[in-house]
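Participant: Attaching a single structure in structure tokens format; questions to follow.
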Amino acid sequence: SAPAPGGAPSGAAPPDAGPSGVALAAVGSHGRRELTPGGDLDLVLLHRGRPDIGEIADRIWYPIWDSGLRLDHSVRTVAEARTVARADLKAALGLLTVRRIAGDHTLVDELRAAVLADWRADARVRLPELAALCRERWEQQGELAFLLEPDLKEAHGGLRDVHVMRAVAASWIASAPDGRVIAAHDLLLDIRHALHESTGRSTDRLVLQEQEAVAHAVGMADANILLSAIAEAARTVTYAADHLWRRVARATGTRRAPVERRPVGNGAVEHDGEVVLARNADLSDPALVLRVAAAAAQNGLPLAPATVAHLAGDAALPAAPWPPEARDALVSLLGAGPAAIGVWEALDQAGLIARLLPDWERVRNRPQRNPVHRFTVDRHLVETAAGAAALTREVARPDLLLVGALLHDIGKGWPGDHSTSGAVVAHDLGVRLGFPDGDVQVLETVVRHHLLLPETATRRDLDDPVTIDTVVSAVSAVPGRERETLELLAALAVADGNATGPAAWGPWKARLVA
């Protein structure tokens, strides 16, 4: 045939096409171009029924084995690979990112098109299966953001969740991960790469003794900064994934009539399982952000991400001192209990919490490298406030209990004893929130002495007059409000202990404090 431009015969395969009817393709992390030093080479040898495929496979696999590289391999026709993908969810996820390395382009293109077509056609069945698989993994691995020795790949908020989000996007049911999620993913991938290089092993668990070396390898000053960065990235991924799975649940669930907008609070309505702004919401109202958040939490509903972004970009925030309506909305939000945690996280992801409470930034994502603690400092504070909501009937001032619980460890963002420095911050924030002077003094006292009752009960002789005088002196810091202060300290001790972890609180300590 006549030569084509460049000298190749017309209709001939490109010079890099390789033999006809056979192709080597990468899948999984190799297919995504995310291979790390300890990762497997995930390879599929595709063919069209060639009788010599076994010999070709041996010529490829044996040199790889001889080199010592880890190899996960298979030999398939397109039809066989397609059948495996339809039967095995994990195989399908790997094949969604198939990438040609060498050989026949058309084979790889056919496989990619077939797997994607099947994935989209079966989405209403496969995605709920994938959601169940994710929940099982999260239960086993825990939350990446709050683990002392996290699995960077499999924990909730880790690399695997971003891979899953991309797979969901390939079904056309949800959008692809946004720039923030991709940046978080890339940071976690860099850390995983450094971990593999540092240890010389294929491990995804970042154990304590490796954290300093990994921190330096990725250009961070120390392990605390590394864990803080991991927490930030993981929370970004987790928040986006939670929204994605809600969207999947709506898209794959039983078809139903359109949901009407149901009022759930002043300025807030429920729409399709999420809280959005009412059409008449006043964006100039300084209490609006917290009031809408409180409405969502009190109704056990998430805030719609678009609503959070709208509030962050356009809504007024309360100036110091806060008006009573804004303070009441904050108390209502915290008083919703565990339902407040997800709503608080939504505000935090949009940067609203640090704008409402500027001192929050110093404890945000701050790690607690102590096995007693389950959470970063900021998450521990929110968990404590959520737990305190169940104890509000035991105190005369529920508002001071909830705000005191939210602020009790705020001093951990400052040098020195955290109870002492925290009392100063709590005083300033009490003034900012618009509490009267007497209430500000009680808040300051509660934060300063939040460890008084558990430490006294477990480390002091309760019959010693000095012990009694110490406790009396502490709770008498605000004259006339001694009983109120003691009630608050007792309730806070319970909420703080439960939020810290089982090693910090149990029936024995509860009996002593009571």
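Please note that chains go A, B, ... in the order of the structure tokens, that every chain numbers its residues from 1, and that ligands are numbered from 1 in the order shown.
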Within 12 Å of A:Ala249, counting only C-alpha atoms, which residues qualify if same-chain residues fewer than 5 places away don't, as a short mmCIF file (atom, residue, chain, number, x, y, z; two decimals) with C-alpha atoms, in the first residue's frame?

Facilitator:
data_model
loop_
_atom_site.label_atom_id
_atom_site.label_comp_id
_atom_site.auth_asym_id
_atom_site.auth_seq_id
_atom_site.Cartn_x
_atom_site.Cartn_y
_atom_site.Cartn_z
CA ALA A 123 -24.92 1.39 39.06
CA ARG A 124 -28.20 1.12 40.97
CA VAL A 125 -27.07 -2.30 42.25
CA ARG A 126 -23.27 -1.94 42.41
CA LEU A 127 -23.10 1.41 44.22
CA PRO A 128 -25.13 0.29 47.26
CA GLU A 129 -22.83 -2.77 47.40
CA LEU A 130 -19.83 -0.45 47.25
CA ALA A 131 -21.29 1.71 50.03
CA ALA A 132 -21.69 -1.36 52.25
CA VAL A 168 -18.80 6.64 41.68
CA ILE A 173 -24.36 9.56 39.36
CA ALA A 174 -22.09 12.09 41.05
CA ASP A 242 -20.30 11.69 53.19
CA HIS A 243 -22.06 14.08 50.82
CA LEU A 244 -21.36 11.80 47.87
CA THR A 254 -36.74 3.64 45.67
CA ARG A 255 -38.26 6.22 43.35
CA ASP A 272 -34.57 16.21 49.74
CA GLY A 273 -33.07 15.17 53.07
#

Participant: Write out as an MDAnalysis selection string all residues of stretch 252-361 of chain A that backbone DSSP assigns to alpha helix (DSSP H).

Facilitator: chainID A and resid 252 288:298 305:314 324:334 339:349 352:356

Participant: Identify, on the basis of only C-alpha atoms, every residue whose closest approach to stretch 394-410 of chain A does not exceed 6 Å; exclude the query and any residue fewer than 3 positions from it along the same chain; express the result as a PyMOL selection string.

Facilitator: chain A and resi 331+381-382+384-385+391+422+443+447+487-488

Participant: Got a sec: who's within 8 Å of A:Leu144, counting only C-alpha atoms, leaving out chain neighbours fewer than 5 positions off, as a CSV table (one decimal) with N, CA and C atoms, in the first residue's frame?

Facilitator:
chain,number,residue,atom,x,y,z
A,150,PRO,N,-2.3,5.7,61.9
A,150,PRO,CA,-3.4,5.5,60.9
A,150,PRO,C,-2.9,4.7,59.7
A,151,ASP,N,-3.9,4.0,59.1
A,151,ASP,CA,-3.6,3.4,57.8
A,151,ASP,C,-4.0,4.4,56.7
A,152,LEU,N,-3.0,4.9,56.0
A,152,LEU,CA,-3.2,6.0,55.1
A,152,LEU,C,-4.1,5.6,53.9
A,155,ALA,N,-8.1,3.6,56.0
A,155,ALA,CA,-8.9,4.2,57.0
A,155,ALA,C,-9.9,5.2,56.4
A,156,HIS,N,-11.0,5.5,57.1
A,156,HIS,CA,-12.0,6.4,56.6
A,156,HIS,C,-11.4,7.8,56.4
A,157,GLY,N,-11.5,8.3,55.2
A,157,GLY,CA,-10.9,9.5,54.8
A,157,GLY,C,-9.5,9.4,54.1
A,158,GLY,N,-9.1,8.1,53.9
A,158,GLY,CA,-7.9,7.8,53.3
A,158,GLY,C,-7.9,7.7,51.7
A,230,ILE,N,-2.3,15.5,58.0
A,230,ILE,CA,-3.1,14.3,57.7
A,230,ILE,C,-4.5,14.4,58.1
A,231,ALA,N,-4.7,15.0,59.3
A,231,ALA,CA,-6.1,15.2,59.8
A,231,ALA,C,-6.9,16.1,58.9
A,234,ALA,N,-7.7,14.2,55.7
A,234,ALA,CA,-8.6,13.2,55.8
A,234,ALA,C,-10.0,13.7,56.1

Participant: Tell me, in Å to one decimal, how far atom CA of A:Val98 is from atom CA of A:Gly54.

Facilitator: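 Taking atom CA of A:Val98 and atom CA of A:Gly54, their separation equals 21.3 Å.
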
Participant: Report as CSV the residues of stretch 214-269 of chain A within 9 Å of stretch 341-362 of chain A, each with its shortest atom pair and distance in Å (one decimal), using only C-alpha atoms, ordered by chain and increasing residue number.

Facilitator:
residue,atom,partner,partner_atom,distance
A:Arg235,CA,A:Gln349,CA,8.1
A:Thr236,CA,A:Gln349,CA,7.1
A:Tyr239,CA,A:Ala346,CA,7.4

Participant: So that I have them on file, write out the residues from the current selection with N, CA and C atoms, as a tab-separated table (two decimals), in the first residue's frame.

Facilitator:
chain	number	residue	atom	x	y	z
A	235	ARG	N	-10.13	14.84	56.84
A	235	ARG	CA	-11.44	15.43	57.10
A	235	ARG	C	-12.04	16.00	55.81
A	236	THR	N	-11.20	16.54	54.96
A	236	THR	CA	-11.67	17.03	53.66
A	236	THR	C	-12.26	15.88	52.84
A	239	TYR	N	-15.60	14.47	54.58
A	239	TYR	CA	-16.75	15.34	54.40
A	239	TYR	C	-17.30	15.23	52.98

Participant: Give the answer as one residue: which of A:Ala316, A:Leu107, A:Leu188, A:Leu226 has the shortest atom-to-atom distance to A:Pro367, using only C-alpha atoms?

Facilitator: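 The answer is A:Leu226, which sits nearest to A:Pro367.
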
Participant: Excluding same-chain residues fewer than 2 positions from stretch 435-438 of chain A, what lies within 10 Å of it counting only C-alpha atoms, as a VMD selection string?

Facilitator: chain A and resid 321 to 324 327 400 427 429 to 433 440 to 444 478 to 479 481

Participant: Just C-alpha atoms for this one: save the residues we selected as a PDB file, in the first residue's frame.

Facilitator:
ATOM      1  CA  PRO A 321     -20.271  41.066  71.633  1.00  0.00           C
ATOM      2  CA  TRP A 322     -22.665  38.641  70.001  1.00  0.00           C
ATOM      3  CA  PRO A 323     -26.367  39.448  70.105  1.00  0.00           C
ATOM      4  CA  PRO A 324     -28.398  37.085  72.324  1.00  0.00           C
ATOM      5  CA  ARG A 327     -25.530  33.020  71.331  1.00  0.00           C
ATOM      6  CA  LEU A 400     -22.808  27.408  80.434  1.00  0.00           C
ATOM      7  CA  HIS A 427     -12.842  34.567  79.513  1.00  0.00           C
ATOM      8  CA  LEU A 429     -14.504  34.166  74.282  1.00  0.00           C
ATOM      9  CA  GLY A 430     -17.212  34.509  76.942  1.00  0.00           C
ATOM     10  CA  VAL A 431     -17.023  38.266  76.491  1.00  0.00           C
ATOM     11  CA  ARG A 432     -17.053  37.843  72.710  1.00  0.00           C
ATOM     12  CA  LEU A 433     -20.177  35.664  72.922  1.00  0.00           C
ATOM     13  CA  VAL A 440     -18.004  34.909  82.008  1.00  0.00           C
ATOM     14  CA  GLN A 441     -16.405  34.394  85.414  1.00  0.00           C
ATOM     15  CA  VAL A 442     -18.174  31.062  85.838  1.00  0.00           C
ATOM     16  CA  LEU A 443     -17.011  29.931  82.384  1.00  0.00           C
ATOM     17  CA  GLU A 444     -13.470  30.953  83.225  1.00  0.00           C
ATOM     18  CA  VAL A 478     -17.470  33.322  91.857  1.00  0.00           C
ATOM     19  CA  PRO A 479     -19.245  34.241  95.115  1.00  0.00           C
ATOM     20  CA  ARG A 481     -22.536  30.670  92.436  1.00  0.00           C
TER      21      ARG A 481
END

Participant: Counting only C-alpha atoms, which of A:Glu34, A:Val27, A:Arg166, A:Thr97 gets nearest to A:Asp178?

Facilitator: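 Going through A:Glu34, A:Val27, A:Arg166, A:Thr97 one by one, the smallest distance to A:Asp178 is for A:Arg166.
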
Participant: Would you kindly return, as a PyMOL selection string, each protein, DNA or RNA residue with an atom no farther than 9 Å from any atom of A:Ala294, considering only C-alpha atoms and excluding same-chain residues fewer than 4 positions away?

Facilitator: chain A and resi 265+289-290+298-299+329-336+340+343

Participant: For the residues in that selection, give me N, CA and C atoms as a PDB file, in the first residue's frame.

Facilitator:
ATOM      1  N   GLY A 265     -36.977  25.622  60.641  1.00  0.00           N
ATOM      2  CA  GLY A 265     -36.514  26.681  61.524  1.00  0.00           C
ATOM      3  C   GLY A 265     -36.601  28.008  60.804  1.00  0.00           C
ATOM      4  N   VAL A 289     -26.407  32.102  60.317  1.00  0.00           N
ATOM      5  CA  VAL A 289     -25.553  30.923  60.127  1.00  0.00           C
ATOM      6  C   VAL A 289     -25.768  29.912  61.246  1.00  0.00           C
ATOM      7  N   LEU A 290     -25.700  30.387  62.480  1.00  0.00           N
ATOM      8  CA  LEU A 290     -25.838  29.476  63.610  1.00  0.00           C
ATOM      9  C   LEU A 290     -27.274  28.982  63.763  1.00  0.00           C
ATOM     10  N   GLN A 298     -30.821  20.007  65.194  1.00  0.00           N
ATOM     11  CA  GLN A 298     -31.982  19.655  66.007  1.00  0.00           C
ATOM     12  C   GLN A 298     -32.921  18.710  65.262  1.00  0.00           C
ATOM     13  N   ASN A 299     -32.900  18.748  63.940  1.00  0.00           N
ATOM     14  CA  ASN A 299     -33.750  17.860  63.137  1.00  0.00           C
ATOM     15  C   ASN A 299     -32.994  16.636  62.634  1.00  0.00           C
ATOM     16  N   ALA A 329     -28.500  30.552  69.449  1.00  0.00           N
ATOM     17  CA  ALA A 329     -28.413  29.602  68.336  1.00  0.00           C
ATOM     18  C   ALA A 329     -27.215  28.678  68.509  1.00  0.00           C
ATOM     19  N   LEU A 330     -26.090  29.211  68.997  1.00  0.00           N
ATOM     20  CA  LEU A 330     -24.924  28.372  69.272  1.00  0.00           C
ATOM     21  C   LEU A 330     -25.265  27.318  70.325  1.00  0.00           C
ATOM     22  N   VAL A 331     -25.928  27.728  71.380  1.00  0.00           N
ATOM     23  CA  VAL A 331     -26.315  26.797  72.444  1.00  0.00           C
ATOM     24  C   VAL A 331     -27.278  25.747  71.899  1.00  0.00           C
ATOM     25  N   SER A 332     -28.210  26.161  71.052  1.00  0.00           N
ATOM     26  CA  SER A 332     -29.151  25.220  70.454  1.00  0.00           C
ATOM     27  C   SER A 332     -28.427  24.207  69.572  1.00  0.00           C
ATOM     28  N   LEU A 333     -27.434  24.669  68.829  1.00  0.00           N
ATOM     29  CA  LEU A 333     -26.641  23.773  67.995  1.00  0.00           C
ATOM     30  C   LEU A 333     -25.936  22.726  68.853  1.00  0.00           C
ATOM     31  N   LEU A 334     -25.235  23.175  69.894  1.00  0.00           N
ATOM     32  CA  LEU A 334     -24.510  22.246  70.761  1.00  0.00           C
ATOM     33  C   LEU A 334     -25.474  21.332  71.506  1.00  0.00           C
ATOM     34  N   GLY A 335     -26.642  21.852  71.841  1.00  0.00           N
ATOM     35  CA  GLY A 335     -27.623  21.076  72.591  1.00  0.00           C
ATOM     36  C   GLY A 335     -28.263  19.953  71.802  1.00  0.00           C
ATOM     37  N   ALA A 336     -28.021  19.904  70.500  1.00  0.00           N
ATOM     38  CA  ALA A 336     -28.568  18.816  69.684  1.00  0.00           C
ATOM     39  C   ALA A 336     -27.851  17.500  69.929  1.00  0.00           C
ATOM     40  N   ALA A 340     -25.060  17.295  66.309  1.00  0.00           N
ATOM     41  CA  ALA A 340     -24.358  18.561  66.075  1.00  0.00           C
ATOM     42  C   ALA A 340     -22.992  18.356  65.443  1.00  0.00           C
ATOM     43  N   VAL A 343     -22.873  18.670  61.599  1.00  0.00           N
ATOM     44  CA  VAL A 343     -23.194  20.045  61.195  1.00  0.00           C
ATOM     45  C   VAL A 343     -22.013  20.957  61.514  1.00  0.00           C
TER      46      VAL A 343
END

Participant: A:Gln141: which residues within 7 Å, counting only C-alpha atoms, same-chain residues fewer than 2 positions away excluded, as a short mmCIF file (atom, residue, chain, number, x, y, z; two decimals) with N, CA and C atoms, in the first residue's frame?

Facilitator:
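So the final result, stored in part.cif, reads:
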data_model
loop_
_atom_site.label_atom_id
_atom_site.label_comp_id
_atom_site.auth_asym_id
_atom_site.auth_seq_id
_atom_site.Cartn_x
_atom_site.Cartn_y
_atom_site.Cartn_z
N ARG A 137 -15.26 -1.38 55.84
CA ARG A 137 -13.85 -0.99 55.95
C ARG A 137 -13.66 0.10 56.99
N TRP A 138 -14.55 1.09 57.01
CA TRP A 138 -14.44 2.17 57.99
C TRP A 138 -14.55 1.62 59.41
N GLU A 139 -15.45 0.68 59.60
CA GLU A 139 -15.64 0.09 60.93
C GLU A 139 -14.36 -0.62 61.38
N GLU A 143 -11.22 6.20 61.76
CA GLU A 143 -11.14 7.47 61.04
C GLU A 143 -9.70 7.95 60.95
N GLU A 154 -6.50 2.67 53.81
CA GLU A 154 -7.79 2.03 54.07
C GLU A 154 -8.67 2.72 55.10
N ALA A 155 -8.11 3.56 55.96
CA ALA A 155 -8.91 4.22 56.99
C ALA A 155 -9.92 5.18 56.36
N HIS A 156 -10.96 5.50 57.11
CA HIS A 156 -12.00 6.42 56.65
C HIS A 156 -11.39 7.80 56.40
#
